[in-house]
$ cat final-v2.cif   # mmCIF, C-alpha atoms and all ligand atoms
data_structure
#
loop_
_atom_site.label_atom_id
_atom_site.label_comp_id
_atom_site.auth_asym_id
_atom_site.auth_seq_id
_atom_site.Cartn_x
_atom_site.Cartn_y
_atom_site.Cartn_z
CA MET G 257 0.00 0.00 0.00
CA LYS G 258 1.28 3.40 -0.91
CA ILE G 259 -0.37 6.50 0.43
CA GLU G 260 -1.22 9.33 -1.94
CA LYS G 261 0.65 12.60 -1.94
CA TYR G 262 -2.03 14.55 -0.07
CA SER G 263 -3.98 12.99 2.76
CA LEU G 264 -6.13 14.38 5.52
CA GLY G 265 -6.53 12.64 8.83
CA VAL G 266 -10.06 13.23 9.97
CA GLY G 267 -11.03 12.56 13.54
CA ASP G 268 -14.55 11.81 14.59
CA ARG G 269 -15.02 11.07 18.26
CA PHE G 270 -18.56 9.73 17.98
CA GLY G 271 -18.41 8.31 14.48
CA HIS G 272 -21.48 10.09 13.10
CA GLN G 273 -19.86 12.52 10.68
CA GLY G 274 -18.20 10.25 8.14
CA GLU G 275 -20.27 11.51 5.24
CA ALA G 276 -19.97 15.17 6.17
CA GLN G 277 -16.19 14.81 6.39
CA LEU G 278 -16.04 13.00 3.10
CA ARG G 279 -18.12 15.75 1.43
CA ALA G 280 -15.41 18.23 2.44
CA ILE G 281 -12.75 16.00 0.85
CA ILE G 282 -14.85 15.63 -2.29
CA ASN G 283 -15.16 19.42 -2.53
CA ALA G 284 -11.36 19.66 -2.57
CA VAL G 285 -11.03 16.83 -5.09
CA LYS G 286 -13.46 18.64 -7.37
CA LEU G 287 -11.13 21.64 -7.24
CA GLY G 288 -8.24 19.52 -8.46
CA ILE G 289 -6.53 18.41 -5.23
CA ASP G 290 -5.88 14.69 -5.25
CA LEU G 291 -6.74 14.28 -1.59
CA VAL G 292 -7.59 11.09 0.28
CA PRO G 293 -9.20 10.74 3.71
CA VAL G 294 -7.74 8.81 6.61
CA TRP G 295 -10.11 8.23 9.48
CA ASN G 296 -8.03 8.29 12.63
CA LYS G 297 -8.85 7.43 16.20
CA SER G 298 -6.53 6.72 19.07
CA ASN G 299 -6.88 4.07 21.72
CA ARG G 300 -7.44 6.81 24.31
CA GLU G 301 -10.42 8.18 22.39
CA HIS G 302 -11.92 4.74 21.95
CA SER G 303 -11.64 4.09 25.66
CA TYR G 304 -13.41 7.36 26.62
CA ILE G 305 -16.22 6.92 24.13
CA HIS G 306 -16.45 3.14 24.56
CA SER G 307 -16.16 2.68 20.82
CA LYS G 308 -14.18 -0.03 19.05
CA PRO G 309 -11.69 0.23 16.18
CA SER G 310 -14.16 -1.69 14.02
CA ASP G 311 -16.64 1.20 14.45
CA THR G 312 -14.22 3.53 12.68
CA ARG G 313 -13.89 1.07 9.81
CA ILE G 314 -17.67 0.80 9.49
CA GLU G 315 -18.03 4.59 9.53
CA ALA G 316 -15.43 4.98 6.76
CA ASP G 317 -16.81 2.18 4.61
CA ASP G 318 -20.37 3.46 4.96
CA ALA G 319 -19.47 7.05 4.08
CA VAL G 320 -17.47 5.99 1.03
CA LYS G 321 -20.32 3.80 -0.13
CA ALA G 322 -23.03 6.37 0.50
CA LEU G 323 -21.23 9.07 -1.49
CA SER G 324 -19.74 6.69 -4.09
CA PHE G 325 -16.28 8.10 -3.39
CA PRO G 326 -14.04 6.61 -6.06
CA GLY G 327 -10.67 7.26 -4.38
CA ASN G 328 -8.68 5.35 -1.82
CA TYR G 329 -9.23 5.84 1.89
CA TYR G 330 -7.66 4.51 5.04
CA VAL G 331 -8.35 3.82 8.69
CA ASP G 332 -5.57 4.87 11.04
CA ALA G 333 -4.77 3.13 14.31
CA ASP G 334 -3.58 6.39 15.78
CA HIS G 335 -0.88 6.52 18.46
CA ILE G 336 -0.71 2.80 19.08
CA ASN G 337 2.00 0.76 20.76
CA LEU G 338 2.66 -2.92 21.41
CA SER G 339 0.25 -3.03 24.34
CA ASN G 340 -2.83 -1.93 22.39
CA VAL G 341 -2.22 -2.58 18.70
CA GLN G 342 -3.93 -5.96 18.81
CA GLY G 343 -7.45 -4.50 18.77
CA PHE G 344 -6.71 -2.47 15.63
CA LEU G 345 -5.25 -5.18 13.44
CA ASP G 346 -8.40 -6.20 11.59
CA SER G 347 -9.92 -2.80 10.96
CA SER G 348 -6.90 -0.58 10.25
CA ASP G 349 -4.66 -0.30 7.24
CA PHE G 350 -2.68 2.68 8.53
CA PHE G 351 -0.73 2.40 11.78
CA THR G 352 0.79 5.27 13.72
CA LEU G 353 3.53 3.75 15.84
CA ASP G 354 3.82 6.04 18.84
CA VAL G 355 7.18 5.66 20.54
CA ALA G 356 7.37 9.09 22.18
CA SER G 357 7.22 7.55 25.64
CA LYS G 358 10.39 5.56 24.88
CA ILE G 359 12.46 8.62 24.05
CA GLY G 360 15.41 8.79 26.42
CA THR G 361 15.25 5.11 27.34
CA SER G 362 18.71 3.57 27.53
CA SER G 363 20.19 1.39 24.80
CA SER G 364 22.75 -1.37 25.02
CA GLU G 365 26.42 -0.58 24.45
CA GLN G 366 26.29 -2.76 21.38
CA ASP G 367 23.35 -0.86 19.85
CA LEU G 368 25.02 2.46 20.55
CA GLU G 369 28.24 1.31 18.95
CA LEU G 370 26.45 -0.02 15.89
CA PHE G 371 24.70 3.31 15.45
CA LEU G 372 27.90 5.32 15.84
CA HIS G 373 29.66 3.04 13.40
CA SER G 374 26.91 3.22 10.79
CA THR G 375 26.68 7.02 10.97
CA LYS G 376 30.42 7.69 10.96
CA LYS G 377 30.37 8.93 7.38
CA TYR G 378 28.10 11.82 8.38
CA SER G 379 30.34 13.21 11.10
CA GLY G 380 31.95 16.55 10.47
CA LYS G 381 30.05 18.88 8.19
CA LEU G 382 26.78 17.40 6.98
CA TYR G 383 25.52 19.08 3.83
CA ILE G 384 21.84 18.62 3.04
CA PRO G 385 21.03 19.68 -0.52
CA GLY G 386 18.92 22.84 -0.42
CA ILE G 387 19.99 23.91 3.07
CA ASP G 388 22.47 26.77 2.94
CA SER G 389 24.77 25.99 5.81
CA PRO G 390 25.92 22.51 6.81
CA PHE G 391 25.07 20.89 10.14
CA GLU G 392 28.02 20.30 12.45
CA VAL G 393 27.87 16.64 13.40
CA SER G 394 30.21 15.83 16.26
CA GLU G 395 30.59 12.50 17.98
CA GLU G 396 28.93 14.04 21.06
CA LEU G 397 25.93 15.05 18.97
CA LEU G 398 25.61 11.56 17.52
CA MET G 399 25.87 10.08 20.99
CA SER G 400 23.20 12.38 22.39
CA ILE G 401 20.87 11.61 19.47
CA ALA G 402 21.42 7.89 20.02
CA GLN G 403 20.73 8.18 23.74
CA LYS G 404 17.51 10.03 23.05
CA PHE G 405 16.06 8.13 20.13
CA LEU G 406 17.71 4.77 19.52
CA ALA G 407 15.65 2.73 21.98
CA ALA G 408 12.44 4.44 20.83
CA ILE G 409 13.04 3.61 17.19
CA LYS G 410 14.03 0.07 18.08
CA GLU G 411 10.64 -0.20 19.76
CA ALA G 412 9.00 1.12 16.58
CA GLY G 413 10.80 -1.68 14.76
CA LYS G 414 9.24 -4.23 17.12
CA ILE G 415 5.74 -2.81 16.66
CA TYR G 416 6.18 -2.72 12.90
CA GLN G 417 7.40 -6.31 12.85
CA TYR G 418 4.43 -7.41 14.92
CA ILE G 419 1.91 -5.76 12.59
CA LYS G 420 3.74 -7.07 9.54
CA ASP G 421 3.64 -10.63 10.88
CA GLN G 422 -0.10 -10.33 11.46
CA LYS G 423 -1.18 -8.44 8.36
CA GLY G 424 1.52 -8.84 5.73
CA ALA G 425 3.81 -5.99 4.74
CA ALA G 426 1.85 -5.00 1.64
CA ASN G 427 -1.42 -4.43 3.48
CA PHE G 428 -0.81 -1.33 5.55
CA ILE G 429 0.83 2.08 5.73
CA THR G 430 3.26 2.90 8.50
CA GLU G 431 3.70 6.19 10.31
CA VAL G 432 6.09 6.76 13.20
CA SER G 433 5.08 9.47 15.67
CA ILE G 434 7.26 11.20 18.22
CA ASP G 435 5.17 14.36 18.49
CA GLU G 436 3.70 14.01 21.96
CA VAL G 437 6.76 15.32 23.79
CA GLU G 438 7.81 18.68 25.15
CA VAL G 439 11.01 19.24 23.21
CA PRO G 440 10.83 19.55 19.42
CA GLN G 441 13.20 17.49 17.31
CA THR G 442 15.65 19.47 15.22
CA PRO G 443 16.10 18.78 11.49
CA VAL G 444 19.48 17.14 12.12
CA GLU G 445 17.90 14.89 14.75
CA LEU G 446 15.21 14.01 12.24
CA PHE G 447 17.89 12.97 9.76
CA PHE G 448 19.40 10.46 12.17
CA ILE G 449 15.98 9.30 13.37
CA LEU G 450 15.25 8.39 9.75
CA GLN G 451 18.57 6.56 9.59
CA MET G 452 17.51 4.51 12.62
CA ILE G 453 14.09 3.84 11.07
CA ALA G 454 15.74 2.60 7.88
CA TYR G 455 18.08 0.45 9.95
CA GLN G 456 15.03 -1.13 11.60
CA ASN G 457 13.66 -1.89 8.12
CA ILE G 458 10.48 0.10 8.72
CA PRO G 459 9.07 1.17 5.33
CA ILE G 460 7.83 4.42 6.81
CA GLN G 461 5.57 6.59 4.62
CA THR G 462 4.74 9.35 7.07
CA ILE G 463 6.62 10.72 10.06
CA ALA G 464 5.23 12.95 12.79
CA PRO G 465 7.95 14.86 14.59
CA LYS G 466 7.31 17.42 17.30
CA PHE G 467 7.55 20.79 15.62
CA THR G 468 8.54 23.98 17.33
CA GLY G 469 5.74 25.95 19.03
CA ARG G 470 2.59 24.96 20.86
CA PHE G 471 -0.04 22.80 19.17
CA ASN G 472 -2.89 23.25 21.59
CA LYS G 473 -6.07 21.35 20.97
CA GLY G 474 -8.61 22.98 18.70
CA VAL G 475 -7.09 26.46 18.65
CA ASN G 476 -4.53 28.30 16.56
CA TYR G 477 -0.78 27.77 16.58
CA VAL G 478 1.09 29.50 19.37
CA GLY G 479 4.70 30.24 18.52
CA ASP G 480 7.05 31.81 16.06
CA VAL G 481 5.57 31.15 12.60
CA ALA G 482 8.80 32.14 10.81
CA GLN G 483 10.82 29.72 12.95
CA PHE G 484 8.25 26.99 12.31
CA ALA G 485 8.48 27.62 8.55
CA LYS G 486 12.27 27.47 8.61
CA GLU G 487 12.36 24.17 10.49
CA PHE G 488 9.52 22.71 8.45
CA GLU G 489 11.37 23.54 5.25
CA HIS G 490 14.56 21.98 6.63
CA ASP G 491 12.60 18.89 7.65
CA VAL G 492 11.25 18.55 4.10
CA LEU G 493 14.78 18.78 2.68
CA VAL G 494 16.16 16.38 5.29
CA ILE G 495 13.50 13.82 4.37
CA ASP G 496 14.30 14.21 0.70
CA TYR G 497 17.97 13.53 1.36
CA ALA G 498 17.30 10.73 3.85
CA VAL G 499 15.08 8.92 1.35
CA LYS G 500 18.00 8.79 -1.09
CA GLU G 501 20.67 8.07 1.48
CA PHE G 502 18.85 5.36 3.41
CA GLY G 503 16.61 3.89 0.73
CA LEU G 504 13.34 4.82 2.47
CA PRO G 505 10.06 4.86 0.49
CA ASP G 506 10.16 7.70 -2.03
CA ASN G 507 6.73 9.00 -1.00
CA LEU G 508 7.82 9.55 2.62
CA LYS G 509 6.22 12.76 3.86
CA LEU G 510 5.67 14.77 7.00
CA SER G 511 2.61 14.16 9.12
CA VAL G 512 1.41 17.19 11.06
CA HIS G 513 -0.53 16.22 14.15
CA SER G 514 -2.17 19.57 14.23
CA GLY G 515 -4.48 19.18 17.18
CA SER G 516 -6.70 20.99 14.68
CA ASP G 517 -6.96 24.52 13.50
CA LYS G 518 -3.35 25.61 13.11
CA PHE G 519 -4.54 28.22 10.66
CA SER G 520 -1.51 30.52 10.91
CA ILE G 521 0.95 27.84 9.81
CA TYR G 522 -1.23 26.33 7.06
CA PRO G 523 -0.09 28.89 4.47
CA GLU G 524 3.57 28.15 5.30
CA ILE G 525 3.02 24.39 5.00
CA SER G 526 1.23 24.98 1.70
CA ARG G 527 3.98 27.24 0.36
CA ILE G 528 6.79 24.83 1.27
CA ILE G 529 5.23 21.62 -0.01
CA ARG G 530 4.44 23.36 -3.29
CA LYS G 531 7.93 24.79 -3.54
CA TYR G 532 9.47 21.31 -3.37
CA ASP G 533 6.51 19.43 -4.86
CA LYS G 534 6.14 17.28 -1.73
CA GLY G 535 3.24 15.54 -0.11
CA ILE G 536 1.71 16.12 3.30
CA HIS G 537 -0.49 14.36 5.83
CA VAL G 538 -2.41 16.53 8.29
CA LYS G 539 -4.38 15.12 11.20
CA THR G 540 -7.16 17.36 12.36
CA ALA G 541 -8.21 15.59 15.58
CA GLY G 542 -11.23 16.92 17.41
CA THR G 543 -12.56 19.60 15.10
CA THR G 544 -15.55 17.47 14.25
CA TRP G 545 -16.71 17.07 17.82
CA LEU G 546 -16.72 20.86 18.29
CA GLU G 547 -18.76 21.28 15.14
CA GLU G 548 -21.26 18.82 16.55
CA VAL G 549 -21.67 21.04 19.60
CA ILE G 550 -21.98 24.12 17.37
CA GLY G 551 -24.63 22.35 15.30
CA LEU G 552 -26.54 21.37 18.42
CA ALA G 553 -26.42 24.96 19.65
CA LEU G 554 -27.72 26.23 16.30
CA ALA G 555 -30.55 23.68 16.31
CA GLY G 556 -31.89 25.36 19.47
CA GLY G 557 -34.37 23.90 21.96
CA ASP G 558 -33.24 20.83 23.86
CA ALA G 559 -30.19 20.56 21.56
CA LEU G 560 -29.01 24.00 22.69
CA ASP G 561 -29.76 22.96 26.27
CA LEU G 562 -27.49 19.93 25.86
CA ALA G 563 -24.71 22.09 24.41
CA LYS G 564 -25.01 24.34 27.47
CA HIS G 565 -25.09 21.32 29.79
CA ILE G 566 -21.85 20.05 28.25
CA TYR G 567 -20.13 23.37 28.90
CA LYS G 568 -21.50 23.86 32.40
CA THR G 569 -20.56 20.33 33.46
CA ALA G 570 -17.11 20.72 31.92
CA LEU G 571 -16.70 23.90 33.94
CA ILE G 572 -17.28 21.99 37.18
CA ARG G 573 -15.15 19.00 36.14
CA GLN G 574 -12.31 20.96 34.56
CA ASP G 575 -9.46 19.33 36.48
CA GLU G 576 -10.53 15.82 35.60
CA LEU G 577 -11.21 16.62 31.93
CA CYS G 578 -8.09 18.66 31.35
CA ALA G 579 -5.65 16.31 33.10
CA PRO G 580 -4.99 13.96 30.14
CA TYR G 581 -4.43 16.98 27.89
CA ALA G 582 -2.41 19.13 30.30
CA ASP G 583 0.43 19.57 27.79
CA VAL G 584 -1.80 20.65 24.93
CA ILE G 585 -4.29 23.10 26.40
CA ASP G 586 -3.90 26.56 27.89
CA ILE G 587 -7.12 27.75 29.47
CA CYS G 588 -7.26 31.15 31.10
CA GLN G 589 -9.73 30.82 33.97
CA GLU G 590 -10.73 34.47 34.07
CA GLN G 591 -11.76 34.31 30.43
CA LEU G 592 -14.23 31.46 30.89
CA PRO G 593 -17.88 32.57 30.94
CA THR G 594 -19.84 31.54 34.03
CA ALA G 595 -22.66 29.01 33.93
CA GLU G 596 -25.14 31.83 34.61
CA GLU G 597 -23.91 33.84 31.65
CA VAL G 598 -24.08 30.88 29.29
CA ASP G 599 -27.61 30.12 30.45
CA LEU G 600 -28.71 33.44 28.98
CA TRP G 601 -27.10 32.84 25.57
CA ASP G 602 -29.07 32.16 22.40
CA SER G 603 -28.00 29.79 19.63
CA GLN G 604 -25.95 32.36 17.73
CA LYS G 605 -24.08 33.62 20.76
CA PHE G 606 -23.14 30.07 21.79
CA ALA G 607 -22.10 29.06 18.27
CA ASN G 608 -20.11 32.26 17.66
CA THR G 609 -18.26 31.88 20.95
CA LEU G 610 -17.27 28.32 20.07
CA ARG G 611 -16.68 28.51 16.32
CA HIS G 612 -13.06 29.13 15.34
CA ILE G 613 -13.23 32.42 13.50
CA PRO G 614 -10.21 34.14 15.04
CA ASN G 615 -11.40 37.70 14.43
CA HIS G 616 -15.00 37.22 15.46
CA PRO G 617 -15.80 39.43 18.47
CA ASP G 618 -17.56 36.56 20.28
CA TYR G 619 -14.89 33.90 19.67
CA ASN G 620 -13.39 32.62 22.92
CA PRO G 621 -10.49 30.13 22.67
CA ASN G 622 -10.76 29.29 26.37
CA PHE G 623 -14.39 28.30 26.02
CA ARG G 624 -13.45 26.32 22.92
CA GLN G 625 -10.62 24.42 24.57
CA LEU G 626 -12.72 23.45 27.55
CA ILE G 627 -15.48 22.06 25.35
CA HIS G 628 -12.83 20.35 23.26
CA VAL G 629 -11.80 18.19 26.20
CA GLY G 630 -15.40 17.81 27.35
CA TYR G 631 -16.44 15.08 24.94
CA LYS G 632 -16.54 12.64 27.82
CA ILE G 633 -19.65 14.47 29.06
CA ALA G 634 -21.41 13.98 25.74
CA ALA G 635 -20.44 10.31 25.91
CA GLU G 636 -21.99 10.13 29.37
CA SER G 637 -25.21 11.65 28.01
CA GLY G 638 -25.49 8.47 25.94
CA VAL G 639 -28.52 8.09 23.73
CA HIS G 640 -29.80 11.58 24.54
CA PHE G 641 -26.72 12.96 22.79
CA THR G 642 -26.72 10.53 19.87
CA GLU G 643 -30.45 10.93 19.30
CA LEU G 644 -30.00 14.68 19.04
CA LEU G 645 -27.05 14.16 16.68
CA GLU G 646 -29.29 12.10 14.46
CA LYS G 647 -32.29 14.38 14.73
CA HIS G 648 -30.19 17.40 13.70
CA HIS G 649 -27.79 15.61 11.39
CA GLU G 650 -28.44 18.01 8.54
CA ILE G 651 -27.46 21.20 10.33
CA ILE G 652 -24.58 19.46 12.14
CA GLY G 653 -23.32 17.87 8.93
CA LYS G 654 -23.28 21.28 7.29
CA CYS G 655 -21.16 22.66 10.14
CA VAL G 656 -18.71 19.73 9.91
CA GLU G 657 -18.35 20.00 6.14
CA GLU G 658 -18.02 23.77 6.11
CA ASN G 659 -15.42 23.75 8.87
CA LEU G 660 -13.25 21.13 7.23
CA PHE G 661 -13.52 22.58 3.75
CA GLU G 662 -13.75 26.35 4.27
CA ARG G 663 -11.45 26.76 7.23
CA HIS G 664 -9.01 23.87 6.82
CA LEU G 665 -8.70 22.62 3.25
CA LYS G 666 -9.02 26.02 1.61
CA ARG G 667 -6.16 27.34 3.73
CA LEU G 668 -4.04 24.21 3.46
CA PHE G 669 -4.24 23.91 -0.30
CA GLU G 670 -4.87 27.54 -1.23
CA LEU G 671 -8.20 26.70 -2.84
ZN ZN R 1 0.01 13.07 17.70
#
$ encode --input "final-v2.cif" --output "structure tokens"
Amino acid sequence: MKIEKYSLGVGDRFGHQGEAQLRAIINAVKLGIDLVPVWNKSNREHSYIHSKPSDTRIEADDAVKALSFPGNYYVDADHINLSNVQGFLDSSDFFTLDVASKIGTSSSEQDLELFLHSTKKYSGKLYIPGIDSPFEVSEELLMSIAQKFLAAIKEAGKIYQYIKDQKGAANFITEVSIDEVEVPQTPVELFFILQMIAYQNIPIQTIAPKFTGRFNKGVNYVGDVAQFAKEFEHDVLVIDYAVKEFGLPDNLKLSVHSGSDKFSIYPEISRIIRKYDKGIHVKTAGTTWLEEVIGLALAGGDALDLAKHIYKTALIRQDELCAPYADVIDICQEQLPTAEEVDLWDSQKFANTLRHIPNHPDYNPNFRQLIHVGYKIAAESGVHFTELLEKHHEIIGKCVEENLFERHLKRLFEL
């Protein structure tokens, strides 16, 4: 299996918006972008919602069938490791091997020596075609890279081997992710990480490093956009060189785990991939869930009441809901509206506060982030929530499609 040049990872916590998401993709395809969807869901999400990996497969298959989508599509076992991959084997054909937690784990003397030996030819000045100044590669740098990443990539090799034994090498796409960490990887680190991946014989097609800046959930990028662009461009060039040097798959591309809505860096990503004619995979995580809440608010009546209930409950249970996402949310307490205020809101006020239109006077990123992590409350509402989703599927579907197409794809591909 070989993934297309442009792919969009769509997340759908509750699995109801497959068609709406696919309509957004089809809109882009109609405008000439050869884009394929990848439905992604992590083990963590499944456990909160009590859904199964097979549900994601059914959602994808049904949407593709309903809209007669002629292109390829994939189902991503997102952020899996050896302890939980088993449940994803049947329904996924895209696996994101998450080895971030193994970064910094110690390696054997023998492994370290092998790495140092096999990278000897790159010590000194390392010239990457397209990058103006060479990287200085000292033995200390190589050693520090090995101590950080060697054990993690060896683990990725084990996970890959396991999936390969179960599914057969030709039947899935492999991504390696190391994005859920505090410290970004530099382009020179990425180069040697790719060397390790090649050494482990992982035919990697997408790689998700941690980029510079903050990728908070559901809100815009926080950081230095120019610095991001510089590193992103270097990463693209490093990958290009690594593919040739290490014999990695020639369609290897960056995967941006965006946490959704990184609008300010989309134009830079777009500019750079066009400049070098490279592919890209972007995962958009929880955007869809927020659009469901917006759609419920717009529907009014008991649907608006449920949207308010979700916020007000999240307000009380903030600590519990935010804990698993502590590294990827920044909520300013003083900026959160009180339950009493929200009670007085109409549909438009609620939707405008939540919807990500950065310049809208009502938009509140703190409100948005809290609801983003509040999907557990919707899950607890059970059939009441899903019945309302179904009852108002038209208005909600329109929100989901418009968000993905107008705010994401148009920016990402300059449509
Ligand atoms: Zn990620």
$ residues_around --input "final-v2.cif" --residues "Ile585 in chain G" --least-positions-apart "6" --cutoff "12 Å" --atoms "all atoms listed in the file" --output "ChimeraX atom specification"
/G:470-478,515,574-575,577-579,621-629
$ residues_near_point --input "final-v2.cif" --point "(-13.2, 11.7, 12.1)" --cutoff "8 Å" --atoms "all atoms listed in the file" --output "PyMOL selection string"
chain G and resi 265-269+271+273-274+277+295-297+541-542+544
$ closest_residue --input "final-v2.cif" --among "G:Ile463, G:Ile566, G:Leu660, G:Leu370" --to "ligand ZN 1 (chain R)" --atoms "only C-alpha atoms and all ligand atoms"
G:Ile463
$ closest_residue --input "final-v2.cif" --among "G:Leu592, G:Met452, G:Leu368, G:Leu345" --to "Asp421 in chain G" --atoms "all atoms listed in the file"
G:Leu345
$ residues_near_ligand --input "final-v2.cif" --ligand "ligand ZN 1 (chain R)" --cutoff "6 Å" --atoms "all atoms listed in the file" --output "mmCIF file with C-alpha atoms, keeping the file's coordinate frame"
data_model
loop_
_atom_site.group_PDB
_atom_site.id
_atom_site.type_symbol
_atom_site.label_atom_id
_atom_site.label_comp_id
_atom_site.auth_asym_id
_atom_site.auth_seq_id
_atom_site.Cartn_x
_atom_site.Cartn_y
_atom_site.Cartn_z
ATOM 1 C CA ASP G 435 5.170 14.360 18.490
ATOM 2 C CA GLU G 436 3.700 14.010 21.960
ATOM 3 C CA HIS G 513 -0.530 16.220 14.150
#
$ closest_residue --input "final-v2.cif" --among "G:Ser357, G:Phe391, G:Gly380, G:His490" --to "Phe405 in chain G" --atoms "only C-alpha atoms"
G:Ser357
$ closest_residue --input "final-v2.cif" --among "G:Leu493, G:Ile419, G:Ile652, G:Ala319" --to "Asn340 in chain G" --atoms "only C-alpha atoms"
G:Ile419
$ closest_residue --input "final-v2.cif" --among "G:Ser389, G:Lys381, G:Met399, G:Asp583" --to "Asp367 in chain G" --atoms "all atoms listed in the file"
G:Met399
$ build_atoms --input "final-v2.cif" --residues "range 371-390 of chain G" --atoms "N, CA and C atoms" --output "CSV table (one decimal), in the frame of the given file"
chain,number,residue,atom,x,y,z
G,371,PHE,N,25.2,2.1,16.0
G,371,PHE,CA,24.7,3.3,15.4
G,371,PHE,C,25.9,4.3,15.1
G,372,LEU,N,26.8,4.4,16.1
G,372,LEU,CA,27.9,5.3,15.8
G,372,LEU,C,28.7,4.9,14.6
G,373,HIS,N,28.9,3.6,14.5
G,373,HIS,CA,29.7,3.0,13.4
G,373,HIS,C,28.9,3.3,12.1
G,374,SER,N,27.6,3.1,12.1
G,374,SER,CA,26.9,3.2,10.8
G,374,SER,C,26.7,4.7,10.4
G,375,THR,N,26.9,5.6,11.3
G,375,THR,CA,26.7,7.0,11.0
G,375,THR,C,28.0,7.8,10.9
G,376,LYS,N,29.1,7.1,11.0
G,376,LYS,CA,30.4,7.7,11.0
G,376,LYS,C,30.6,8.6,9.8
G,377,LYS,N,30.1,8.2,8.6
G,377,LYS,CA,30.4,8.9,7.4
G,377,LYS,C,29.7,10.3,7.4
G,378,TYR,N,28.8,10.5,8.3
G,378,TYR,CA,28.1,11.8,8.4
G,378,TYR,C,28.7,12.8,9.4
G,379,SER,N,29.8,12.3,10.1
G,379,SER,CA,30.3,13.2,11.1
G,379,SER,C,31.2,14.3,10.4
G,380,GLY,N,31.3,15.4,11.1
G,380,GLY,CA,32.0,16.6,10.5
G,380,GLY,C,30.9,17.5,9.9
G,381,LYS,N,31.1,18.0,8.8
G,381,LYS,CA,30.0,18.9,8.2
G,381,LYS,C,29.1,18.1,7.3
G,382,LEU,N,27.8,18.1,7.7
G,382,LEU,CA,26.8,17.4,7.0
G,382,LEU,C,26.0,18.4,6.1
G,383,TYR,N,26.2,18.2,4.8
G,383,TYR,CA,25.5,19.1,3.8
G,383,TYR,C,24.2,18.4,3.4
G,384,ILE,N,23.1,19.1,3.6
G,384,ILE,CA,21.8,18.6,3.0
G,384,ILE,C,21.5,19.5,1.8
G,385,PRO,N,21.3,18.9,0.7
G,385,PRO,CA,21.0,19.7,-0.5
G,385,PRO,C,19.8,20.6,-0.3
G,386,GLY,N,20.0,21.9,-0.6
G,386,GLY,CA,18.9,22.8,-0.4
G,386,GLY,C,19.0,23.7,0.9
G,387,ILE,N,19.8,23.2,1.8
G,387,ILE,CA,20.0,23.9,3.1
G,387,ILE,C,21.3,24.6,3.0
G,388,ASP,N,21.3,25.9,3.2
G,388,ASP,CA,22.5,26.8,2.9
G,388,ASP,C,23.7,26.4,3.7
G,389,SER,N,23.6,26.3,5.0
G,389,SER,CA,24.8,26.0,5.8
G,389,SER,C,24.7,24.6,6.3
G,390,PRO,N,25.9,23.9,6.4
G,390,PRO,CA,25.9,22.5,6.8
G,390,PRO,C,25.7,22.4,8.3
